[in-house]
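Q: Structure file query_8.cif (mmCIF, C-alpha atoms and all ligand atoms) is given on the next line.
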```cif
data_structure
loop_
_atom_site.label_atom_id
_atom_site.label_comp_id
_atom_site.auth_asym_id
_atom_site.auth_seq_id
_atom_site.Cartn_x
_atom_site.Cartn_y
_atom_site.Cartn_z
CA MET A 244 78.31 83.24 30.59
CA LEU A 245 76.41 86.29 31.71
CA ARG A 246 75.89 84.72 35.11
CA VAL A 247 79.62 83.94 35.52
CA ASN A 248 80.50 87.56 34.64
CA HIS A 249 77.97 88.84 37.14
CA LEU A 250 79.36 86.62 39.90
CA LEU A 251 82.91 87.70 39.11
CA ARG A 252 81.98 91.40 39.32
CA GLN A 253 80.16 90.79 42.59
CA SER A 254 83.18 89.04 44.12
CA ILE A 255 85.58 91.78 42.96
CA ARG A 256 83.26 94.42 44.45
CA SER A 257 83.01 92.62 47.78
CA ARG A 258 86.77 92.13 47.81
CA ARG A 259 87.34 95.87 47.23
CA LYS A 260 84.91 96.60 50.05
CA TRP A 261 86.83 94.23 52.29
CA GLU A 262 90.18 95.84 51.39
CA ASP A 263 88.77 99.31 52.08
CA ARG A 264 87.55 98.09 55.44
CA VAL A 265 91.01 96.62 56.31
CA ALA A 266 92.71 99.88 55.26
CA SER A 267 90.37 101.98 57.39
CA VAL A 268 90.89 99.75 60.45
CA LEU A 269 94.65 99.90 59.97
CA ASN A 270 94.52 103.69 59.71
CA GLU A 271 92.44 103.89 62.86
CA THR A 272 94.84 101.69 64.87
CA ASN A 273 97.80 103.70 63.53
CA GLU A 274 96.18 106.84 64.84
CA VAL A 275 95.57 105.17 68.18
CA HIS A 276 99.28 104.21 68.35
CA VAL A 277 100.33 107.76 67.50
CA ASP A 278 98.03 109.05 70.24
CA GLN A 279 99.44 106.59 72.75
CA ALA A 280 103.01 107.54 71.88
CA ALA A 281 102.18 111.24 72.25
CA LYS A 282 100.59 110.65 75.65
CA ARG A 283 103.58 108.62 76.79
CA PHE A 284 105.95 111.34 75.65
CA GLU A 285 103.93 113.94 77.54
CA ARG A 286 103.93 111.87 80.73
CA ILE A 287 107.55 110.81 80.69
CA TYR A 288 109.39 113.82 79.34
CA LYS A 289 107.27 116.74 80.46
CA GLN A 290 105.61 115.73 83.72
CA LYS A 291 108.50 113.74 85.18
CA LYS A 292 111.21 115.95 83.69
CA PHE A 293 113.53 113.11 82.65
CA THR A 294 116.53 113.85 80.50
CA PRO A 295 116.23 111.95 77.23
CA VAL A 296 119.00 109.41 76.79
CA GLU A 297 120.17 111.09 73.61
CA SER A 298 121.87 113.63 75.83
CA ASP A 299 124.20 110.86 77.06
CA LYS A 300 126.81 111.15 74.33
CA SER A 301 128.01 107.81 73.07
CA LYS A 302 131.73 107.34 73.20
CA PRO A 303 133.65 109.25 70.53
CA THR A 304 136.20 107.26 68.55
CA LEU A 305 139.79 107.57 69.63
CA PRO A 306 141.26 110.69 67.98
CA VAL A 307 144.31 110.16 65.75
CA SER A 308 146.34 112.57 67.90
CA THR A 309 146.00 110.22 70.91
CA GLN A 310 147.08 107.07 69.08
CA PRO A 311 150.21 105.39 70.49
CA PRO A 312 153.34 105.13 68.33
CA ASP A 313 153.11 102.18 65.92
CA PRO A 314 149.55 101.02 66.83
CA HIS A 315 148.48 97.53 65.73
CA ILE A 316 145.01 96.03 65.77
CA VAL A 317 143.32 92.69 65.16
CA LYS A 318 139.59 92.00 65.09
CA ALA A 319 138.48 88.53 66.11
CA THR A 320 134.95 87.18 66.06
CA PHE A 321 133.96 84.40 68.44
CA LEU A 322 131.52 82.04 66.77
CA GLY A 323 130.02 78.82 68.04
CA PRO A 324 126.88 77.03 69.20
CA GLN A 325 124.74 78.43 72.01
CA ASN A 326 126.17 78.00 75.51
CA SER A 327 129.64 77.18 74.24
CA GLY A 328 131.08 79.90 76.51
CA LYS A 329 131.66 82.71 74.01
CA SER A 330 130.38 85.54 76.21
CA SER A 331 132.25 84.29 79.28
CA LEU A 332 135.44 83.98 77.24
CA VAL A 333 135.21 87.49 75.74
CA ASN A 334 134.36 88.95 79.17
CA SER A 335 137.34 87.20 80.75
CA LEU A 336 139.71 88.22 77.96
CA CYS A 337 138.65 91.87 78.45
CA HIS A 338 138.48 91.70 82.27
CA ALA A 339 134.95 93.17 82.29
CA HIS A 340 131.33 92.13 82.22
CA LEU A 341 130.39 93.33 78.74
CA SER A 342 128.02 90.65 77.56
CA ALA A 343 125.36 88.76 79.54
CA GLU A 344 126.35 85.20 80.47
CA SER A 345 123.87 82.47 81.21
CA LYS A 346 123.33 78.76 80.91
CA ARG A 347 120.04 79.53 79.18
CA SER A 348 120.04 79.38 75.42
CA GLY A 349 119.93 82.60 73.43
CA SER A 350 121.38 84.78 76.18
CA THR A 351 123.28 86.95 73.69
CA ASP A 352 121.21 88.72 71.04
CA GLN A 353 123.64 91.37 69.76
CA VAL A 354 127.25 91.47 68.68
CA VAL A 355 129.18 93.00 71.59
CA GLN A 356 132.67 94.34 71.09
CA GLY A 357 135.25 94.06 73.85
CA VAL A 358 138.75 95.47 73.76
CA SER A 359 141.98 94.20 75.25
CA THR A 360 145.36 95.84 74.82
CA ILE A 361 148.78 94.18 74.91
CA HIS A 362 151.80 96.47 74.40
CA ASN A 363 151.19 98.21 71.06
CA THR A 364 148.47 95.78 69.93
CA GLN A 365 144.77 96.15 70.51
CA LEU A 366 142.50 93.11 70.28
CA ALA A 367 138.91 93.91 69.28
CA LEU A 368 136.94 90.85 70.35
CA LEU A 369 133.42 90.34 69.04
CA ASP A 370 131.06 88.25 71.13
CA THR A 371 128.21 86.98 68.96
CA PRO A 372 124.80 85.34 69.43
CA GLY A 373 125.00 81.53 69.50
CA LEU A 374 124.42 79.70 66.23
CA VAL A 375 121.69 77.08 65.85
CA GLN A 376 120.77 74.76 63.06
CA VAL A 377 117.57 76.08 61.49
CA ARG A 378 115.21 73.22 60.74
CA GLY A 379 111.85 74.84 60.10
CA SER A 380 110.02 78.13 59.80
CA LYS A 381 109.57 78.33 63.61
CA ASP A 382 113.32 77.99 64.13
CA ARG A 383 113.92 80.56 61.43
CA ARG A 384 111.58 83.07 63.08
CA ARG A 385 113.29 82.62 66.45
CA HIS A 386 116.93 82.44 65.47
CA ALA A 387 117.47 83.85 61.98
CA GLU A 388 117.88 87.48 63.07
CA ALA A 389 120.53 86.68 65.69
CA ALA A 390 122.32 84.19 63.43
CA LEU A 391 122.53 86.81 60.69
CA LYS A 392 124.32 89.17 63.09
CA SER A 393 126.81 86.42 63.96
CA TRP A 394 127.56 85.61 60.32
CA ASP A 395 127.84 89.32 59.50
CA SER A 396 130.55 89.69 62.14
CA ILE A 397 132.86 87.64 59.88
CA PHE A 398 132.91 90.57 57.44
CA ALA A 399 134.35 92.82 60.16
CA ALA A 400 136.90 90.29 61.40
CA ASP A 401 140.52 89.38 60.64
CA VAL A 402 140.39 86.12 62.61
CA VAL A 403 137.58 83.67 63.40
CA VAL A 404 137.60 81.84 66.72
CA LEU A 405 135.43 78.73 66.88
CA THR A 406 134.35 77.98 70.44
CA LEU A 407 133.34 74.47 71.45
CA CYS A 408 132.67 73.36 75.00
CA ALA A 409 134.72 70.51 76.50
CA GLY A 410 132.20 69.89 79.26
CA LEU A 411 129.90 67.57 77.33
CA GLY A 412 132.59 65.07 76.34
CA PHE A 413 131.19 64.61 72.85
CA LEU A 414 130.29 66.71 69.85
CA GLU A 415 126.57 66.85 69.11
CA PRO A 416 125.68 66.38 65.42
CA GLU A 417 124.22 69.89 65.37
CA HIS A 418 127.44 71.38 66.78
CA LYS A 419 129.43 69.42 64.21
CA SER A 420 127.53 70.94 61.31
CA ILE A 421 127.77 74.43 62.85
CA ALA A 422 131.55 74.00 63.24
CA LYS A 423 131.84 72.87 59.61
CA GLU A 424 129.78 75.87 58.41
CA ILE A 425 131.97 78.27 60.41
CA GLY A 426 135.08 76.66 58.91
CA ARG A 427 133.63 76.88 55.41
CA ARG A 428 132.78 80.56 55.75
CA ALA A 429 136.17 81.43 57.27
CA GLU A 430 137.92 79.63 54.42
CA GLN A 431 135.75 81.40 51.85
CA ARG A 432 137.07 84.73 53.12
CA SER A 433 140.61 83.36 53.63
CA LEU A 434 140.48 84.13 57.35
CA PRO A 435 142.56 82.14 59.85
CA LEU A 436 140.43 79.86 62.04
CA LEU A 437 141.35 79.28 65.69
CA LEU A 438 139.78 76.67 67.93
CA ALA A 439 139.04 77.56 71.55
CA ILE A 440 137.90 74.60 73.64
CA THR A 441 136.15 76.18 76.59
CA MET A 442 135.20 74.94 80.09
CA MET A 443 138.32 72.78 80.45
CA ASP A 444 137.77 72.85 84.22
CA LYS A 445 135.07 70.25 83.62
CA VAL A 446 137.72 67.79 82.44
CA GLN A 447 139.17 66.42 85.68
CA THR A 448 138.64 62.70 86.25
CA PRO A 449 140.20 59.94 84.07
CA ARG A 450 136.72 59.21 82.65
CA GLN A 451 136.25 62.88 81.65
CA ARG A 452 139.76 62.84 80.09
CA ASP A 453 138.77 59.80 78.00
CA LEU A 454 135.63 61.57 76.82
CA TYR A 455 137.66 64.68 76.07
CA PHE A 456 140.06 62.75 73.84
CA SER A 457 137.14 61.28 71.89
CA LEU A 458 135.75 64.82 71.53
CA ARG A 459 139.07 65.97 70.07
CA THR A 460 139.01 63.04 67.61
CA GLU A 461 135.50 64.01 66.55
CA ILE A 462 136.55 67.63 66.02
CA GLU A 463 139.48 66.39 63.93
CA SER A 464 137.11 64.32 61.82
CA CYS A 465 135.34 67.54 60.75
CA GLY A 466 138.40 68.21 58.56
CA LEU A 467 138.79 71.85 59.58
CA ARG A 468 142.14 73.57 59.27
CA PHE A 469 142.90 75.35 62.53
CA ALA A 470 145.73 77.85 62.73
CA ALA A 471 145.96 77.08 66.46
CA THR A 472 144.02 75.29 69.20
CA HIS A 473 143.61 76.59 72.73
CA GLU A 474 142.11 75.03 75.82
CA THR A 475 140.55 77.65 78.08
CA THR A 476 138.60 77.97 81.27
CA THR A 477 137.16 81.18 82.60
CA LYS A 478 136.74 79.75 86.11
CA ASP A 479 140.44 79.84 86.92
CA SER A 480 141.50 81.90 83.87
CA LYS A 481 143.64 79.20 82.31
CA GLY A 482 144.69 79.43 78.66
CA LEU A 483 143.53 83.04 78.28
CA VAL A 484 146.97 84.64 78.02
CA GLU A 485 148.04 82.04 75.46
CA LEU A 486 144.90 82.74 73.38
CA LYS A 487 145.57 86.49 73.51
CA ASP A 488 149.18 85.91 72.42
CA THR A 489 148.05 83.87 69.43
CA LEU A 490 145.44 86.47 68.48
CA SER A 491 148.00 89.27 68.61
CA THR A 492 150.23 87.46 66.09
CA PHE A 493 147.52 88.25 63.48
CA ALA A 494 147.56 92.00 64.24
CA VAL A 495 148.23 94.45 61.43
CA LYS A 496 149.14 98.13 61.46
CA GLY A 497 146.01 100.14 62.27
CA ASN A 498 144.53 102.68 64.65
CA TRP A 499 143.31 101.64 68.08
CA LEU A 500 139.58 101.76 68.85
CA ALA A 501 139.84 102.64 72.53
CA PHE A 502 142.30 103.94 75.09
CA ARG A 503 144.74 101.47 76.72
CA HIS A 504 142.78 101.21 79.98
CA GLU A 505 139.37 100.75 78.30
CA THR A 506 137.68 97.38 77.96
CA THR A 507 135.13 98.23 75.31
CA SER A 508 134.09 100.86 72.80
CA LEU A 509 130.45 100.52 73.91
CA SER A 510 128.72 103.55 75.38
CA ASP A 511 127.73 103.57 79.07
CA LYS A 512 124.09 103.27 78.03
CA ASP A 513 124.73 100.03 76.14
CA ARG A 514 126.72 98.65 79.05
CA VAL A 515 123.94 99.39 81.53
CA LEU A 516 121.46 97.78 79.13
CA GLU A 517 123.59 94.63 79.10
CA CYS A 518 123.69 94.66 82.93
CA LEU A 519 119.90 94.83 82.88
CA ARG A 520 119.73 91.87 80.50
CA GLN A 521 121.99 89.94 82.85
CA ALA A 522 119.64 90.76 85.75
CA PHE A 523 116.64 89.55 83.69
CA LEU A 524 118.43 86.29 82.82
CA ASP A 525 119.49 85.69 86.43
CA THR A 526 116.14 86.53 87.98
CA LEU A 527 113.21 85.76 85.71
CA PRO A 528 111.97 82.20 85.19
CA HIS A 529 111.40 80.11 82.05
CA GLU A 530 111.21 81.97 78.76
CA VAL A 531 110.25 85.33 80.31
CA PRO A 532 113.66 87.05 79.80
CA HIS A 533 113.48 86.21 76.09
CA ALA A 534 109.93 87.52 75.85
CA LEU A 535 110.84 90.95 77.22
CA ARG A 536 112.62 93.78 75.46
CA CYS A 537 113.92 96.83 77.20
CA ARG A 538 115.09 100.24 76.11
CA ILE A 539 116.71 103.04 78.06
CA LEU A 540 114.63 106.14 77.61
CA GLY A 541 116.01 108.69 80.03
CA TRP A 542 119.29 109.18 81.83
CA THR A 543 119.50 111.92 84.42
CA VAL A 544 122.82 112.54 86.17
CA LYS A 545 122.29 113.31 89.86
CA GLU A 546 124.26 115.67 92.09
CA ASN A 547 125.83 112.77 94.00
CA GLY A 548 127.43 111.51 90.76
CA GLY A 549 124.92 108.69 90.26
CA ALA A 550 122.36 108.47 87.50
CA GLU A 551 118.64 107.84 87.36
CA VAL A 552 117.89 105.58 84.44
CA VAL A 553 114.38 105.31 83.00
CA VAL A 554 113.83 101.93 81.39
CA GLU A 555 110.92 100.98 79.18
CA VAL A 556 110.07 97.29 79.29
CA PHE A 557 107.97 95.79 76.53
CA ALA A 558 106.13 92.50 76.86
CA ALA A 559 103.90 90.66 74.40
CA ARG A 560 101.64 89.19 77.11
CA PRO A 561 100.24 90.52 80.40
CA ALA A 562 101.55 87.38 82.18
CA TYR A 563 105.15 88.29 81.29
CA LEU A 564 104.70 91.82 82.54
CA PHE A 565 103.14 90.50 85.74
CA THR A 566 106.12 88.14 86.32
CA PHE A 567 108.48 91.04 85.61
CA TYR A 568 106.78 93.29 88.19
CA SER A 569 106.73 90.50 90.78
CA HIS A 570 110.55 90.26 90.49
CA LEU A 571 111.11 94.00 90.21
CA GLU A 572 112.96 94.44 93.50
CA THR A 573 115.45 91.63 92.82
CA ILE A 574 115.99 92.80 89.23
CA SER A 575 116.73 96.36 90.41
CA HIS A 576 119.11 95.08 93.08
CA VAL A 577 121.05 92.76 90.72
CA ALA A 578 121.25 95.39 87.96
CA GLN A 579 122.32 98.08 90.42
CA LYS A 580 125.08 95.95 91.91
CA LEU A 581 126.41 94.83 88.53
CA SER A 582 126.32 98.26 86.87
CA GLU A 583 127.93 99.87 89.91
CA ARG A 584 130.73 97.31 89.87
CA GLU A 585 131.30 97.70 86.12
CA LEU A 586 130.88 101.45 85.64
CA LYS A 587 131.95 102.65 89.10
CA LYS A 588 128.80 104.77 89.37
CA LYS A 589 125.53 104.42 91.28
CA PHE A 590 122.46 103.77 89.16
CA PHE A 591 118.81 104.04 90.16
CA PHE A 592 116.37 102.35 87.87
CA VAL A 593 112.82 103.51 87.12
CA PHE A 594 110.87 100.93 85.15
CA GLN A 595 107.86 101.56 82.92
CA GLY A 596 106.11 98.45 81.61
CA PHE A 597 104.24 98.36 78.30
CA LEU A 598 102.18 95.72 76.58
CA THR A 599 102.93 95.33 72.89
CA PRO A 600 100.67 92.57 71.57
CA GLY A 601 102.19 90.56 68.75
CA GLU A 602 105.81 89.89 68.01
CA ILE A 603 108.44 91.95 69.81
CA SER A 604 111.27 92.87 67.54
CA SER A 605 114.79 93.33 68.84
CA ALA A 606 114.71 96.77 67.20
CA SER A 607 112.93 97.99 70.35
CA ARG A 608 116.17 97.57 72.27
N1 LIG A 701 132.56 75.57 84.61
C1 LIG A 701 132.64 76.51 83.65
N2 LIG A 701 131.52 77.10 83.22
C2 LIG A 701 131.61 78.02 82.26
C3 LIG A 701 132.86 78.42 81.69
N3 LIG A 701 132.63 79.36 80.75
C4 LIG A 701 131.30 79.56 80.73
N4 LIG A 701 130.68 78.77 81.63
C5 LIG A 701 129.23 78.72 81.88
O1 LIG A 701 128.58 78.25 80.71
C6 LIG A 701 127.33 78.90 80.54
C7 LIG A 701 127.22 79.49 79.15
O2 LIG A 701 128.19 80.50 79.02
P1 LIG A 701 128.01 81.73 78.02
O3 LIG A 701 129.29 82.48 78.06
O4 LIG A 701 126.76 82.50 78.30
O5 LIG A 701 127.85 80.96 76.62
P2 LIG A 701 127.44 81.57 75.19
O6 LIG A 701 125.99 81.26 75.02
O7 LIG A 701 128.29 80.82 74.21
O8 LIG A 701 127.74 83.03 75.21
C8 LIG A 701 127.23 79.96 81.64
O9 LIG A 701 126.41 79.45 82.67
C9 LIG A 701 128.66 80.09 82.15
O10 LIG A 701 128.71 80.40 83.52
C10 LIG A 701 134.04 77.77 82.19
O11 LIG A 701 135.16 78.02 81.75
N5 LIG A 701 133.86 76.84 83.17
MG MG A 702 126.56 84.55 74.82
#
```
For the file at hand, write its structure as structure tokens.
Ligand SMILES: Nc1nc2c(ncn2[C@@H]2O[C@H](COP(=O)(O)OP(=O)(O)O)[C@@H](O)[C@H]2O)c(=O)[nH]1
Ligand SMILES: [Mg+2]
A:
Amino acid sequence: MLRVNHLLRQSIRSRRKWEDRVASVLNETNEVHVDQAAKRFERIYKQKKFTPVESDKSKPTLPVSTQPPDPHIVKATFLGPQNSGKSSLVNSLCHAHLSAESKRSGSTDQVVQGVSTIHNTQLALLDTPGLVQVRGSKDRRRHAEAALKSWDSIFAADVVVLTLCAGLGFLEPEHKSIAKEIGRRAEQRSLPLLLAITMMDKVQTPRQRDLYFSLRTEIESCGLRFAATHETTTKDSKGLVELKDTLSTFAVKGNWLAFRHETTSLSDKDRVLECLRQAFLDTLPHEVPHALRCRILGWTVKENGGAEVVVEVFAARPAYLFTFYSHLETISHVAQKLSERELKKKFFFVFQGFLTPGEISSASR
């Protein structure tokens, strides 16, 4: 008995020692991080004299005095599987490049709000990250955060638009269960559900038509109640006006979010960040764009009307940072061209790469 007690005390003592050791190491590394941050601040703000981005005021909300007579508004969230054409559809409906588009999976990681105005009605269109079926803890780690943002967008919406792509010619089992889940959640909140079948330009030949009809039968078999169905294509802008018309029938009296000519309520900084993401997706190979996070740190307006933008890029591995630097020229060129086209201003990018071992959270954006 005495021996057991002795052993127990020994193990508790060694465990305490171990915990103390862990705490001291953690404290040390914290101090190192604080030091690093201070040095970075010194170098970036003081030596290089960059204007912190906070000085770029984000867009103020539309004042009540500037509201049109009898304003109406409807908020619609676009939900669907990855690569079903949500971002392209929202961009086309708003006539702007607000959200990055790509055939790679997981190209959207935030909810992006676009705005389109028809007469006295404003459509606030929410592009969301693609939904995936979570099968294990790995899937959950990769997709749960983005999926949560998509599901949360339902709380801010008056209408849910389910997007499914016509291109494949059949409905994958995973897409079927995602569609059913979207329908269930929309019904739970008594929200009207619209179906937008995207990429209709891929349905051309008689064979593709046949496949398309079987796709429609499969969608019907899901038993969802759609308030309306629209076939769209962003390539030749077919079906977009009809979709907008249907959306505006759900509008209710309410203040507009943006002026008539505006396409989004996002700030310029967020729009430039999205242009950068598009450049990463277009330029960098494999999983590298998903393994990088970037943040705009400084924004200095130049005399010629352009702006110098300081971007911090974070990578979990040196290899990713190396790939990023090897494509730096192309990335700068693509981002410059896109942001100039969208914001009608010249941008010059200054990149600073940082290694952040371990997981990179999207909070660093
Ligand atoms: N042919 C064709 N391709 C499209 C259309 N809409 C989107 N795409 C492509 O489909 C891919 C995925 O689109 P994206 O909007 O990023 O899908 P998301 O993941 O649902 O946001 C991109 O490569 C787009 O260029 C369309 O109407 N026609
Ligand atoms: Mg997208």
Q: Would you mind listing the residues within 8 Å of ligand LIG 701 (chain A), counting only C-alpha atoms and all ligand atoms, as a VMD selection string?
A: chain A and resid 323 to 332 342 to 351 370 to 373 406 410 441 to 445 475 to 480
Q: Taking all atoms of stretch 407-413 of chain A that the file lists and extending 6 Å past them on each side, where is the centre of the axis-aligned box and how long are its edges? Answer in Å to one decimal, as lines of an AutoDock Vina configuration file.
A:
```
center_x = 132.3
center_y = 69.5
center_z = 75.4
size_x = 16.8
size_y = 21.9
size_z = 19.8
```
Q: Quick one: contact table of stretch 297-365 of chain A to stretch 576-599 of chain A, 12 Å max, nearest atom pair and distance in Å to one decimal per residue, counting only C-alpha atoms, chain and number order, as JSON lines?
A:
```
{"residue": "A:Asn334", "atom": "CA", "partner": "A:Glu585", "partner_atom": "CA", "distance": 11.6}
{"residue": "A:His338", "atom": "CA", "partner": "A:Glu585", "partner_atom": "CA", "distance": 10.1}
{"residue": "A:Ala339", "atom": "CA", "partner": "A:Glu585", "partner_atom": "CA", "distance": 7.0}
{"residue": "A:His340", "atom": "CA", "partner": "A:Glu585", "partner_atom": "CA", "distance": 6.8}
{"residue": "A:Leu341", "atom": "CA", "partner": "A:Glu585", "partner_atom": "CA", "distance": 8.6}
{"residue": "A:Ser342", "atom": "CA", "partner": "A:Glu585", "partner_atom": "CA", "distance": 11.6}
{"residue": "A:Ala343", "atom": "CA", "partner": "A:Leu581", "partner_atom": "CA", "distance": 10.9}
```
Q: Now that the selection is made, can you save its residues with C-alpha atoms as a PDB file, in the frame of the given file?
A:
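As a result, selection-v6.pdb now contains:
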```
ATOM      1  CA  ASN A 334     134.360  88.950  79.170  1.00  0.00           C
ATOM      2  CA  HIS A 338     138.480  91.700  82.270  1.00  0.00           C
ATOM      3  CA  ALA A 339     134.950  93.170  82.290  1.00  0.00           C
ATOM      4  CA  HIS A 340     131.330  92.130  82.220  1.00  0.00           C
ATOM      5  CA  LEU A 341     130.390  93.330  78.740  1.00  0.00           C
ATOM      6  CA  SER A 342     128.020  90.650  77.560  1.00  0.00           C
ATOM      7  CA  ALA A 343     125.360  88.760  79.540  1.00  0.00           C
TER       8      ALA A 343
END
```
Q: Between A:Leu414, A:Ile440, A:Val484, A:Ala422, single out the one closest to A:Thr460, counting only C-alpha atoms.
A: A:Leu414
Q: Measure the distance from atom CA of A:Val375 to atom CA of A:Arg427 in Å and round it to one decimal.
A: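 Computing it gives 15.9 Å between the two atoms.
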